[in-house]
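First the structure, in the form of structure tokens, and then the observations on it.
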There are 4 protein chains.
Amino acid sequence: MTTTHDPYTPTPGDRFTFGLWTVGWRALDLFGDPTREPLDPARGVAELARLGAYGVTFHDNDVFPFDADGAERERHIARFRKALDEHGLVVPMATTNLFTHPVFKDGAFTANDRDVRRFALRKVMANVDLAAELGARTYVCWGGREGAESGAAKDVRAALDRYKEAFDILTSYVRDQDYPLRFALEPKPNEPRGDLLLPTIGHALAFIEALEHPELVGLNPEVGHEEMAGLNFAHGLAQALWHGKLFHVDLNGQNGPRFDQDLRFGAGNARGAFWVVDILENGGYDGPRHFDFKPPRTEDDAGVWESARGCMRNYLILREKVRAFRADPEVHEALRAARVDELAQPTLAAGEDLRSLRDEETDVAALASRGMAYERLDQLALEHLYGVR
Amino acid sequence: MTTTHDPYTPTPGDRFTFGLWTVGWRALDLFGDPTREPLDPARGVAELARLGAYGVTFHDNDVFPFDADGAERERHIARFRKALDEHGLVVPMATTNLFTHPVFKDGAFTANDRDVRRFALRKVMANVDLAAELGARTYVCWGGREGAESGAAKDVRAALDRYKEAFDILTSYVRDQDYPLRFALEPKPNEPRGDLLLPTIGHALAFIEALEHPELVGLNPEVGHEEMAGLNFAHGLAQALWHGKLFHVDLNGQNGPRFDQDLRFGAGNARGAFWVVDILENGGYDGPRHFDFKPPRTEDDAGVWESARGCMRNYLILREKVRAFRADPEVHEALRAARVDELAQPTLAAGEDLRSLRDEETDVAALASRGMAYERLDQLALEHLYGVR
Amino acid sequence: MTTTHDPYTPTPGDRFTFGLWTVGWRALDLFGDPTREPLDPARGVAELARLGAYGVTFHDNDVFPFDADGAERERHIARFRKALDEHGLVVPMATTNLFTHPVFKDGAFTANDRDVRRFALRKVMANVDLAAELGARTYVCWGGREGAESGAAKDVRAALDRYKEAFDILTSYVRDQDYPLRFALEPKPNEPRGDLLLPTIGHALAFIEALEHPELVGLNPEVGHEEMAGLNFAHGLAQALWHGKLFHVDLNGQNGPRFDQDLRFGAGNARGAFWVVDILENGGYDGPRHFDFKPPRTEDDAGVWESARGCMRNYLILREKVRAFRADPEVHEALRAARVDELAQPTLAAGEDLRSLRDEETDVAALASRGMAYERLDQLALEHLYGVR
Amino acid sequence: MTTTHDPYTPTPGDRFTFGLWTVGWRALDLFGDPTREPLDPARGVAELARLGAYGVTFHDNDVFPFDADGAERERHIARFRKALDEHGLVVPMATTNLFTHPVFKDGAFTANDRDVRRFALRKVMANVDLAAELGARTYVCWGGREGAESGAAKDVRAALDRYKEAFDILTSYVRDQDYPLRFALEPKPNEPRGDLLLPTIGHALAFIEALEHPELVGLNPEVGHEEMAGLNFAHGLAQALWHGKLFHVDLNGQNGPRFDQDLRFGAGNARGAFWVVDILENGGYDGPRHFDFKPPRTEDDAGVWESARGCMRNYLILREKVRAFRADPEVHEALRAARVDELAQPTLAAGEDLRSLRDEETDVAALASRGMAYERLDQLALEHLYGVR
């Protein structure tokens, strides 16, 4: 089916990236043992390159074990670097595993235990150094277990103080080291903790404004995480872009409020995915298109790559559709009928203030009776999604 | 059951306030006609005073009809004022109805239709004047229909531009008029629109930072609205307080993600309500305890007041419980065992920076094996909630 | 765009039907006044016929007012009949409005008030007579307000006794009258009541088995109602078909757990809609394709018909896709690779019983290592949905 | 705090039981390694006995490893039996682990792979024999991975055929063996699969009616599983009891639609828990009160037992409350005011049929104006929950 002319076969120019932990997920879950063998990171790199990816991203412990000593760490890193060089993949983003080891059972930057917090910062520092060395420009921080199951266990305001302290420390560090790195927070509402801190795009955006170096901190929002809270992900991306804070993005699939499904991109809320690609392509985002998904536990090794391939393919299919939608003259006409352009016009004219409105006459009945013509516009979008226009 | 000595009978000193639209809700819903007669605002004031409330709040059209002319408006306001004076209730907050009339079918401040936006601003201005006149200190803005059902209908970034424009205009106005008013945004994830803008506490907090006069804008979060997104309301309040933005609060009840239930306070997530009262009482909030609920459609007039009475009673019951919880020596001991206090301690000591940690040795295994003792702590909280301690 | 050759323009042979209350919804919701004028049922019939529909369905009070006397009722019915005859539409289904009038505030068949229950039965009887007269074959019962907001208010077991009593009475009646009518229950988890009885397809299926004439009672499941509980609607249809109980279906759109959105069909969970059409087309359902949606409140009269047109169009688009999917040789091959056919084979061979397995040897490791190849199969389905195969 | 006179300290007469897998959960989750050591089943038995439990339940592989040979299996069983005897605990229920091993990655009774289905049946048979030997009366079947992530992967109707086949085989077997065992299905909507078959109490109840020996199959509903679908668990229990199918129950805590939290009983939806205990105590259920929870990953060994203790304590606290509620004269009066008793009265009198109603006159306006007085009734319930009455 896939030929060299297939418009949906990716090339590095499409800037698709994958977490090593995605294709490398052994499919262990809370209820079951792994169904797949460990993936050698070097093979992961090779396969992703073969499929047309542009880069890979990693947690420290995707590349070397948690308890590796210096030499073992270096050996693993060297091997990983070699694979990157051989296959021409880049590492635009890195992150730290602050959730797998039992030491992080109560979180990392906001663990009640101060020694855990110190250890977490040290672990991040080491991997920030490595990230810089490998040329990453974005350092993602998912607060895996920053949260609580019960009300008294976590003093949320104190936790936010510590969270802020951690980012103030880390941003000072990258400034001092002159690393060209920016941090990207990844919000999530719950799981594995009952409730997580900074549960949505909005909470993380607000938090950033309280930091010492807000310019160095932005977001890495994930489709499924917002949809777990029933939120519209494209709307969230739009707000993040509006604040200038969309530093990175995690693409995958989810079916609404339930456990974190991490389906391949496109294989969840298909309609939502259309608007996600629309805002990414047309909203000024210029970072990699990063997939953070989990090939289902039913899949063997072949299924893993099929699933990875599907992520990119679906993005390209949707990209083509949103381009066609935005170029369609009937859509232009429908957008005008829906007065979408009118929203770009300021509500007050130059020189007006609120008092200028005081004596304005409005024909409210006439205004109220104007239909918005959204159904027609949306039907056009849907027919682009369905590929029948 | 309620005697003068009943500790759960409110007095104005408890600062309970109610929206006129709550006890005045005629119980019309999407599927059914009203089950109750209209409530004369003057009677609403009298009954709430009788029950021990401190104040009432209102939308403009709770007091006078949408299409009232000047004289009719004044007549209604005079009557309302008279009732307030007679019964000694105050008006600490007011708001605008920007959602009932068909003219607002696509929102108000972010309607695509510029004429609607201008009309909305004018309507708010008129009511802000009234609010100031009546001594209100908070002006709530719930973006009732600021949102969309479909992807292309609303350019979210343009909508945020217009939303910001509206608040920049309104804050300039209250500064110019020298009104002692602050605005409070009320986030909601969806309903009546498919997806609303500024869907959570977090999104609204972030938005405020982008305004011209952020100091004049804060939040009026509502229990049910956050719980509709599966979010922990007490956590949301804590973050709002952390940002210094908890200007007002809407108390009610909800059973998780579903339609907006507006149950009486306490009659939803009872466990969550305990922590809500805990953070309100102990987190530095000093505004009114405002109820925004709907007496169920099954209730007649007597049921309405029973329901309103229940809101206040449940708050007082829970306030007593959180006080007892926070005073309980066994709780103190359990908090220490859970190292809750340790989170208040900065992670780095004075003079340290990230590099100071580089050579720190951590006994990870020992740290990992320390239990957090949260179950014991939470069981104590639960037993306070259940009233068996 | 729509021409006579457009494959997505419906004809009566497609058997699309609409509730009169859908296109006739005046867009009144809990937070807002109607945005549209009342729709004359005769015009509704004419417009639906023009768009290619096959039939209409109705609640009694969609055709005549709740308090119409006999003569007024007959006048309205005559007018409705005339329109049906003129435009060649049929009435395959009818239902009763047991939720709008305040008398039904606590439900109808399970209202605590016995007089309400008697009145409800009488109202249904009258409309069942009319339904039979108009040639309907299915009588839908949505338990609009059969439920509760609080725990003690409703004795659920007594309510199920009364619910059963109602259906035993009604089925006896249609048998006695020799009406060729069957009843179809419409489950819904919540809204407008806090929790509704018979909340899902499953609960209703179980309930039917306890009735006196289970053969006369089946289901009318609705897309959005099941998705409000996060359930897979296509799975629900499959189970209803498995029990021989899919008597009718309500098609619309929803975005997961939240208020009942009633979006036009296709404009919600697009991916789910593909599988819904697949099971309807290939699972043995032979009733009408009935739309129960609400044209959004933003739409004027033109938007209403655009929205109705979209429902049918999307069904036809999806029908074409599922046919192509089921005919695609690569899909056949992928289904075999996923061993989907093997599930049709009984687990035990003829003559075996459980003891026959006692000494069977299984190479568990080999079995465990077989990949299921579901990702490839699903990607093919998705590409059919996207129209790129 | 706990003394011998503490009314909330359980005794075996309270019939509390625990899954061995609950207190034995090592706190491995999808995102993290175990935080606790393996629990020796014999110690589990001893500790639970010490805390006042009545019995334990188990999956086969809670007692012996998946790949144990006959001798090893016997050794483990002997050791377990010895502990039971020593500590006087019974085994009222047993179940099979059909989800942990990779061989079950696509389910067990409904796996596409026929060899997997045969192996699953054989595994169940072996453990049914053991269950009977140990005196269990209920055999629980949770369809851990019976489900799918994608639409074409599972032919749901074929899957239900196989599911039915499995239960027809198993019920025939226990009849043939003359085991005094009944099966209890445990529904769950999703997790670990995207969508599970028999997702709710209702779906499972309906399924049972299609079996060959429905009298041998009932339900084991779980609080959290129903609440993950936003359903009212007490309502579900009531319907299960109404059908005579509440064979067993799994008690725990959950905070609405999200991942399966398995909190200790009482520590989730506290208000719901009150009504759960009410229906269990007053609805005719006479089986064990079984806890299926997970001590949070933050807890060490001491926390595990604290959490288990809390489950029982909370049940006893709530039992006391529901007894007080049902005995309270003011509640009796409020129930009458809410006409709760009137629902027990048949809608038709003896000798009436639907036609008897034809000419009945109803004063609809009078009926409609009667308030239901549910808020007062519910406030009484809430005050019993809060322990202030």
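Each chain in the structure tokens gets a letter, A, B, ..., in the order shown, and its residues are numbered from 1; ligands are numbered from 1 in order too.
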
Q) Looking only at the backbone, which of the residues in range 210-304 of chain B does DSSP tag as helix (DSSP H, G or I), as JSON, numbers by chain? A) {"B": [214, 215, 216, 223, 224, 225, 226, 227, 228, 233, 234, 235, 236, 237, 238, 239, 240, 241, 242, 270, 271, 272, 273, 274, 275, 276, 277, 278, 279, 280, 281, 282, 301, 302, 303, 304]}

Please produce, as a tab-separated table, a per-residue contact table for chain B versus chain D (criterion: any atom at most 7 Å away, only C-alpha atoms considered), showing the nearest atom pair and its distance in Å to one decimal, sorted by chain then residue number.
```
residue	atom	partner	partner_atom	distance
B:Gly256	CA	D:Gly256	CA	5.8
B:Asn269	CA	D:Asn269	CA	6.4
B:Ala270	CA	D:Arg271	CA	6.0
B:Arg271	CA	D:Ala270	CA	5.9
B:Thr298	CA	D:Met372	CA	5.5
B:Glu299	CA	D:Gly371	CA	4.8
B:Asp300	CA	D:Gly371	CA	4.3
B:Gly303	CA	D:Ala373	CA	5.8
B:Glu306	CA	D:Arg376	CA	6.1
B:Ser307	CA	D:Glu375	CA	5.7
B:Gly310	CA	D:Gln379	CA	6.5
B:Arg370	CA	D:Asp300	CA	6.8
B:Gly371	CA	D:Asp300	CA	4.3
B:Met372	CA	D:Thr298	CA	5.5
B:Ala373	CA	D:Gly303	CA	5.8
B:Glu375	CA	D:Ser307	CA	5.7
B:Arg376	CA	D:Glu306	CA	6.1
B:Gln379	CA	D:Gly310	CA	6.5
B:Leu385	CA	D:Tyr386	CA	6.0
B:Tyr386	CA	D:Tyr386	CA	4.7
B:Gly387	CA	D:Gly387	CA	4.5
B:Val388	CA	D:Gly387	CA	6.9
```

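The space separating CA of Asp85 in chain A from CA of Phe247 in chain A comes to 25.2 Å.
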
Q: Taking the DSSP assignment computed from this structure's backbone, write out as a list in words all residues of range 116-346 of chain D that belong to strand (DSSP E).
A: Thr138, Tyr139, Val140, Cys141, Trp142, Gly147, Ala148, Arg182, Phe183, Ala184, Leu185, Glu186, Asp195, Leu196, Val217, Gly218, Leu219, Asp250, Leu251, Arg289, His290 and Phe291 of chain D

Q: Select, from D:Gly244, D:His76, D:Ala350, D:Gly32, the residue with the minimum atom-to-atom distance to Val103 in chain A, counting only C-alpha atoms.
A: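 Using only C-alpha atoms, the shortest distance to Val103 in chain A belongs to D:Gly32.
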
Q) Near Ala78 in chain D, counting only C-alpha atoms, which residues have an atom at most 12 Å away, once you skip same-chain residues fewer than 2 positions from it, shown as a ChimeraX atom specification? A) /D:41-42,63-64,71-76,80-85,130,133-134

Serialized selection, N, CA, C and O atoms, as a JSON list (two decimals), in the first residue's frame:
```json
[["chain", "number", "residue", "atom", "x", "y", "z"],
["D", 41, "PRO", "N", 0.95, -15.20, 51.58],
["D", 41, "PRO", "CA", -0.49, -15.38, 51.82],
["D", 41, "PRO", "C", -0.79, -15.78, 53.26],
["D", 41, "PRO", "O", -1.80, -15.34, 53.83],
["D", 42, "ALA", "N", 0.07, -16.56, 53.85],
["D", 42, "ALA", "CA", -0.18, -16.99, 55.23],
["D", 42, "ALA", "C", -0.15, -15.80, 56.18],
["D", 42, "ALA", "O", -0.97, -15.68, 57.10],
["D", 63, "VAL", "N", -2.19, -17.50, 45.31],
["D", 63, "VAL", "CA", -1.74, -18.52, 46.25],
["D", 63, "VAL", "C", -0.54, -19.30, 45.70],
["D", 63, "VAL", "O", 0.38, -19.63, 46.44],
["D", 64, "PHE", "N", -0.55, -19.60, 44.42],
["D", 64, "PHE", "CA", 0.59, -20.31, 43.82],
["D", 64, "PHE", "C", 0.91, -19.67, 42.47],
["D", 64, "PHE", "O", 0.03, -19.09, 41.82],
["D", 71, "ALA", "N", 3.13, -30.32, 42.38],
["D", 71, "ALA", "CA", 3.65, -30.42, 43.74],
["D", 71, "ALA", "C", 3.78, -29.04, 44.38],
["D", 71, "ALA", "O", 3.41, -28.84, 45.54],
["D", 72, "GLU", "N", 4.29, -28.10, 43.58],
["D", 72, "GLU", "CA", 4.48, -26.75, 44.12],
["D", 72, "GLU", "C", 3.11, -26.16, 44.47],
["D", 72, "GLU", "O", 2.94, -25.52, 45.51],
["D", 73, "ARG", "N", 2.19, -26.38, 43.57],
["D", 73, "ARG", "CA", 0.83, -25.89, 43.78],
["D", 73, "ARG", "C", 0.29, -26.45, 45.11],
["D", 73, "ARG", "O", -0.21, -25.71, 45.96],
["D", 74, "GLU", "N", 0.43, -27.74, 45.31],
["D", 74, "GLU", "CA", -0.10, -28.36, 46.53],
["D", 74, "GLU", "C", 0.56, -27.80, 47.78],
["D", 74, "GLU", "O", -0.09, -27.59, 48.80],
["D", 75, "ARG", "N", 1.85, -27.59, 47.66],
["D", 75, "ARG", "CA", 2.59, -27.07, 48.80],
["D", 75, "ARG", "C", 2.04, -25.69, 49.21],
["D", 75, "ARG", "O", 1.80, -25.43, 50.38],
["D", 76, "HIS", "N", 1.83, -24.85, 48.19],
["D", 76, "HIS", "CA", 1.31, -23.51, 48.48],
["D", 76, "HIS", "C", -0.10, -23.57, 49.06],
["D", 76, "HIS", "O", -0.44, -22.85, 50.00],
["D", 80, "PHE", "N", -1.49, -22.35, 52.75],
["D", 80, "PHE", "CA", -2.60, -21.39, 52.82],
["D", 80, "PHE", "C", -3.72, -21.95, 53.71],
["D", 80, "PHE", "O", -4.24, -21.28, 54.61],
["D", 81, "ARG", "N", -4.07, -23.20, 53.46],
["D", 81, "ARG", "CA", -5.08, -23.88, 54.28],
["D", 81, "ARG", "C", -4.73, -23.88, 55.75],
["D", 81, "ARG", "O", -5.57, -23.68, 56.62],
["D", 82, "LYS", "N", -3.47, -24.16, 55.99],
["D", 82, "LYS", "CA", -3.01, -24.21, 57.37],
["D", 82, "LYS", "C", -3.24, -22.85, 58.05],
["D", 82, "LYS", "O", -3.72, -22.77, 59.18],
["D", 83, "ALA", "N", -2.90, -21.81, 57.31],
["D", 83, "ALA", "CA", -3.08, -20.45, 57.87],
["D", 83, "ALA", "C", -4.57, -20.19, 58.12],
["D", 83, "ALA", "O", -4.95, -19.62, 59.15],
["D", 84, "LEU", "N", -5.40, -20.60, 57.19],
["D", 84, "LEU", "CA", -6.84, -20.42, 57.37],
["D", 84, "LEU", "C", -7.31, -21.11, 58.64],
["D", 84, "LEU", "O", -8.05, -20.55, 59.46],
["D", 85, "ASP", "N", -6.88, -22.35, 58.77],
["D", 85, "ASP", "CA", -7.30, -23.13, 59.93],
["D", 85, "ASP", "C", -6.82, -22.49, 61.23],
["D", 85, "ASP", "O", -7.58, -22.33, 62.18],
["D", 130, "LEU", "N", -10.57, -26.35, 43.26],
["D", 130, "LEU", "CA", -9.94, -25.91, 44.51],
["D", 130, "LEU", "C", -10.92, -25.09, 45.35],
["D", 130, "LEU", "O", -10.99, -25.26, 46.58],
["D", 133, "GLU", "N", -13.27, -27.32, 47.05],
["D", 133, "GLU", "CA", -12.54, -28.01, 48.10],
["D", 133, "GLU", "C", -12.37, -27.14, 49.35],
["D", 133, "GLU", "O", -12.43, -27.61, 50.48],
["D", 134, "LEU", "N", -12.16, -25.83, 49.11],
["D", 134, "LEU", "CA", -11.94, -24.91, 50.23],
["D", 134, "LEU", "C", -13.25, -24.38, 50.81],
["D", 134, "LEU", "O", -13.25, -23.54, 51.71]]
```

**Q.** Within 9 Å of Val91 in chain C using only C-alpha atoms, minus same-chain residues under 5 positions, as a ChimeraX atom specification
**A.** /C:17,54-58,84,131,134-137

Could you save those same residues with C-alpha atoms as a PDB file, in the first residue's frame?
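What landed in out11.pdb:
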```
ATOM      1  CA  THR C  17     -36.879   9.411   9.971  1.00  0.00           C
ATOM      2  CA  TYR C  54     -38.938   8.625   4.771  1.00  0.00           C
ATOM      3  CA  GLY C  55     -40.943   9.414   7.841  1.00  0.00           C
ATOM      4  CA  VAL C  56     -41.533  11.406  10.971  1.00  0.00           C
ATOM      5  CA  THR C  57     -42.108  10.440  14.564  1.00  0.00           C
ATOM      6  CA  PHE C  58     -43.768  12.436  17.299  1.00  0.00           C
ATOM      7  CA  LEU C  84     -48.192  13.237   5.794  1.00  0.00           C
ATOM      8  CA  ALA C 131     -49.995   5.723  16.990  1.00  0.00           C
ATOM      9  CA  LEU C 134     -51.344   6.350  12.099  1.00  0.00           C
ATOM     10  CA  GLY C 135     -49.718   3.043  11.314  1.00  0.00           C
ATOM     11  CA  ALA C 136     -46.781   3.188  13.709  1.00  0.00           C
ATOM     12  CA  ARG C 137     -45.117  -0.129  14.559  1.00  0.00           C
TER      13      ARG C 137
END
```

Q: For Ala46 in chain D, work out the shell of residues within 10 Å, counting only C-alpha atoms and skipping chain neighbours fewer than 6 positions away, then give it as a ChimeraX atom specification.
A: /D:40,53,83-84,86-89

If you keep N, CA, C and O atoms, can you produce a file of those selected residues as an mmCIF file, in the first residue's frame?
```cif
data_model
loop_
_atom_site.group_PDB
_atom_site.id
_atom_site.type_symbol
_atom_site.label_atom_id
_atom_site.label_comp_id
_atom_site.auth_asym_id
_atom_site.auth_seq_id
_atom_site.Cartn_x
_atom_site.Cartn_y
_atom_site.Cartn_z
ATOM 1 N N ASP D 40 3.411 -12.784 51.918
ATOM 2 C CA ASP D 40 3.166 -14.216 52.089
ATOM 3 C C ASP D 40 1.667 -14.394 52.385
ATOM 4 O O ASP D 40 1.153 -13.797 53.337
ATOM 5 N N ALA D 53 -11.331 -9.683 60.416
ATOM 6 C CA ALA D 53 -12.018 -10.148 59.212
ATOM 7 C C ALA D 53 -12.610 -11.538 59.426
ATOM 8 O O ALA D 53 -12.239 -12.262 60.357
ATOM 9 N N ALA D 83 -2.897 -21.807 57.315
ATOM 10 C CA ALA D 83 -3.084 -20.452 57.869
ATOM 11 C C ALA D 83 -4.566 -20.188 58.123
ATOM 12 O O ALA D 83 -4.947 -19.617 59.150
ATOM 13 N N LEU D 84 -5.395 -20.602 57.190
ATOM 14 C CA LEU D 84 -6.845 -20.416 57.372
ATOM 15 C C LEU D 84 -7.308 -21.115 58.639
ATOM 16 O O LEU D 84 -8.053 -20.547 59.464
ATOM 17 N N GLU D 86 -5.559 -22.134 61.215
ATOM 18 C CA GLU D 86 -4.973 -21.542 62.416
ATOM 19 C C GLU D 86 -5.693 -20.285 62.869
ATOM 20 O O GLU D 86 -5.851 -20.021 64.052
ATOM 21 N N HIS D 87 -6.101 -19.466 61.855
ATOM 22 C CA HIS D 87 -6.640 -18.149 62.204
ATOM 23 C C HIS D 87 -8.151 -18.082 62.098
ATOM 24 O O HIS D 87 -8.741 -17.031 62.332
ATOM 25 N N GLY D 88 -8.725 -19.216 61.718
ATOM 26 C CA GLY D 88 -10.184 -19.276 61.719
ATOM 27 C C GLY D 88 -10.857 -18.453 60.625
ATOM 28 O O GLY D 88 -11.993 -18.029 60.779
ATOM 29 N N LEU D 89 -10.153 -18.212 59.538
ATOM 30 C CA LEU D 89 -10.791 -17.500 58.425
ATOM 31 C C LEU D 89 -11.399 -18.490 57.439
ATOM 32 O O LEU D 89 -10.875 -19.588 57.242
#
```

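If you measure from each of D:Ala204, D:Ala334, D:Ala344, D:Ile77 to Asp161 in chain C using only C-alpha atoms, the closest one turns out to be D:Ala344.
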
Q) Can you tell me, as a PyMOL selection string, what residues are no more than 6 Å from range 106-115 of chain A when counting only C-alpha atoms, ignoring any on the same chain fewer than 5 positions away? A) (chain A and resi 120+145-146+159+162-163) or (chain B and resi 339-340+342-343+347)

Q: Provide the CA of Arg182 in chain A to CA of Lys164 in chain B distance in Å, to one decimal place.
A: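 CA of Lys164 in chain B lies 27.1 Å from CA of Arg182 in chain A.
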
For Phe66 in chain B, list every protein, DNA or RNA residue within 9 Å, evaluated using only C-alpha atoms, and leave out those in the same chain fewer than 4 positions away; present the list as a compact mmCIF listing (two decimals) with N, CA, C and O atoms, in the first residue's frame.
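Just written: part16.txt:
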```txt
# COMPACT_ATOMS: atom_id res chain seq x y z
N ASP B 60 -28.54 41.57 36.55
CA ASP B 60 -29.45 42.69 36.26
C ASP B 60 -30.90 42.20 36.07
O ASP B 60 -31.82 42.71 36.71
N ASN B 61 -31.05 41.13 35.25
CA ASN B 61 -32.42 40.73 34.92
C ASN B 61 -33.06 39.81 35.95
O ASN B 61 -34.15 39.30 35.74
N ASN B 97 -26.59 39.23 33.24
CA ASN B 97 -27.11 38.11 32.48
C ASN B 97 -26.77 38.34 31.00
O ASN B 97 -27.36 39.17 30.33
N HIS B 101 -31.07 35.88 26.85
CA HIS B 101 -31.71 36.44 25.66
C HIS B 101 -31.08 35.83 24.39
O HIS B 101 -29.87 35.61 24.34
```

**Q.** d(CA of Glu186 in chain B, CA of Pro221 in chain B) in Å
**A.** 5.3 Å
